[in-house]
Amino acid sequence: MTKIKKATLWKNILLGICLTLAAAAILMIAFDAVTKTDGTVYKGYDITFCCIQWESIPNLLNGDRNFVRIIFGFSFLNLLPYLFLILAVICCVGAIAYKKQGLVLSVLTMILFVTAGILFLYQAENLQPYTDGLRQYYAAEIEAGRLAEDFDVAAKIETYVEEQRALYELAWGPIVSAVCSFVAAVVALSSKIMWHVFARNEKV
């Protein structure tokens with residue numbers, strides 16, 4: 001086996017490991033992401049896209065009345081690490097298809113993995129509690145004259161969001177995703193180094 005074949009083999013093996021780690025990090029979206037102080041656990045897709053709960057109010061006359069309560073709304077910041085991982089996967093596939101191993105592509109892949117890992121660790125802070133109902137309530141109160149017209153709705157909503165976010169802490173899912181992303185970043189850079197180790201003395 002020639003050196004260039006060894007270089008390509010090692011490059012592809014390491015990039016394959018990167019792809020596996022990226023897949024594992026993405027799959028964590030289906031597992032525990034945050035835990036509320038009362039012990040309630042929410043999955044990654046709950047805190048990323050939307051989370052609703054069916055609740056029931058007992059009614060002795062007409063039977064129980066069911067209604068939907070929205071816990072979280074869409075959070076672009078919690079979606080962002082998954083988008084970075086997908087871009088990193090595309091870079092890995094491109095690097096595998098490329099005969100050599102470009103420095104720019106390696107560094108870009110590493111940056112994407114590191115950025116995704118950092119964002120995973122901030123998923124609890126990036127929660128988007130549902131606030132539309134509260135906004136409508138304040139608007140109705142102002143319109144009815146029970147609140148002053150200069151009542152600062154935005155500040156009140158911001159305080160509410162901060163208070164809600166303080167009730168949640170990171171669960172094990174995003175931590176696993178972050179670890180996978182950081183390891184994949186190291187492996188992605190190592191693929192460039194290993195390619196040079198085997199290919200630097202190759203004779204064309």
# chains A, B, ... in the order shown; residues from 1 in each chain; ligands from 1
call {"tool": "select_by_dssp", "arguments": {"residues": "region 23-185 of chain A", "states": "helix (DSSP H, G or I)", "output": "number ranges by chain"}}
result
A: 23-30, 44-48, 76-97, 103-120, 132-143, 153-165, 172-185
call {"tool": "residues_around", "arguments": {"residues": "region 142-158 of chain A", "least_positions_apart": "4", "cutoff": "12 Å", "atoms": "only C-alpha atoms", "output": "list of chain:residue names"}}
result
A:Gln128, A:Pro129, A:Tyr130, A:Thr131, A:Asp132, A:Gly133, A:Leu134, A:Arg135, A:Gln136, A:Tyr137, A:Tyr138, A:Glu162, A:Glu163, A:Gln164, A:Arg165
call {"tool": "atom_distance", "arguments": {"atom1": "CA of Gly44 (chain A)", "atom2": "CA of Ala185 (chain A)"}}
result
21.9 Å
call {"tool": "atom_distance", "arguments": {"atom1": "CA of Leu19 (chain A)", "atom2": "CA of Ala88 (chain A)"}}
result
8.6 Å
call {"tool": "closest_residue", "arguments": {"among": "A:Thr40, A:Thr115, A:Asn12, A:Gln53", "to": "Cys92 (chain A)", "atoms": "only C-alpha atoms"}}
result
A:Asn12
call {"tool": "residues_around", "arguments": {"residues": "Leu14 (chain A)", "least_positions_apart": "2", "cutoff": "7 Å", "atoms": "only C-alpha atoms", "output": "list in words"}}
result
Trp10, Lys11, Asn12, Gly16, Ile17, Cys18, Val187, Ala188 and Ser191 of chain A
call {"tool": "closest_residue", "arguments": {"among": "A:Ala139, A:Leu87, A:Ala124, A:Ala184", "to": "Val41 (chain A)", "atoms": "only C-alpha atoms"}}
result
A:Ala124
call {"tool": "closest_residue", "arguments": {"among": "A:Met28, A:Ile47, A:Ala140, A:Met110", "to": "Val183 (chain A)", "atoms": "only C-alpha atoms"}}
result
A:Met110
call {"tool": "residues_around", "arguments": {"residues": "Phe182 (chain A)", "least_positions_apart": "5", "cutoff": "7 Å", "atoms": "only C-alpha atoms", "output": "PyMOL selection string"}}
result
chain A and resi 113-114+117
call {"tool": "atom_distance", "arguments": {"atom1": "CA of Pro81 (chain A)", "atom2": "CA of Asp38 (chain A)"}}
result
27.2 Å
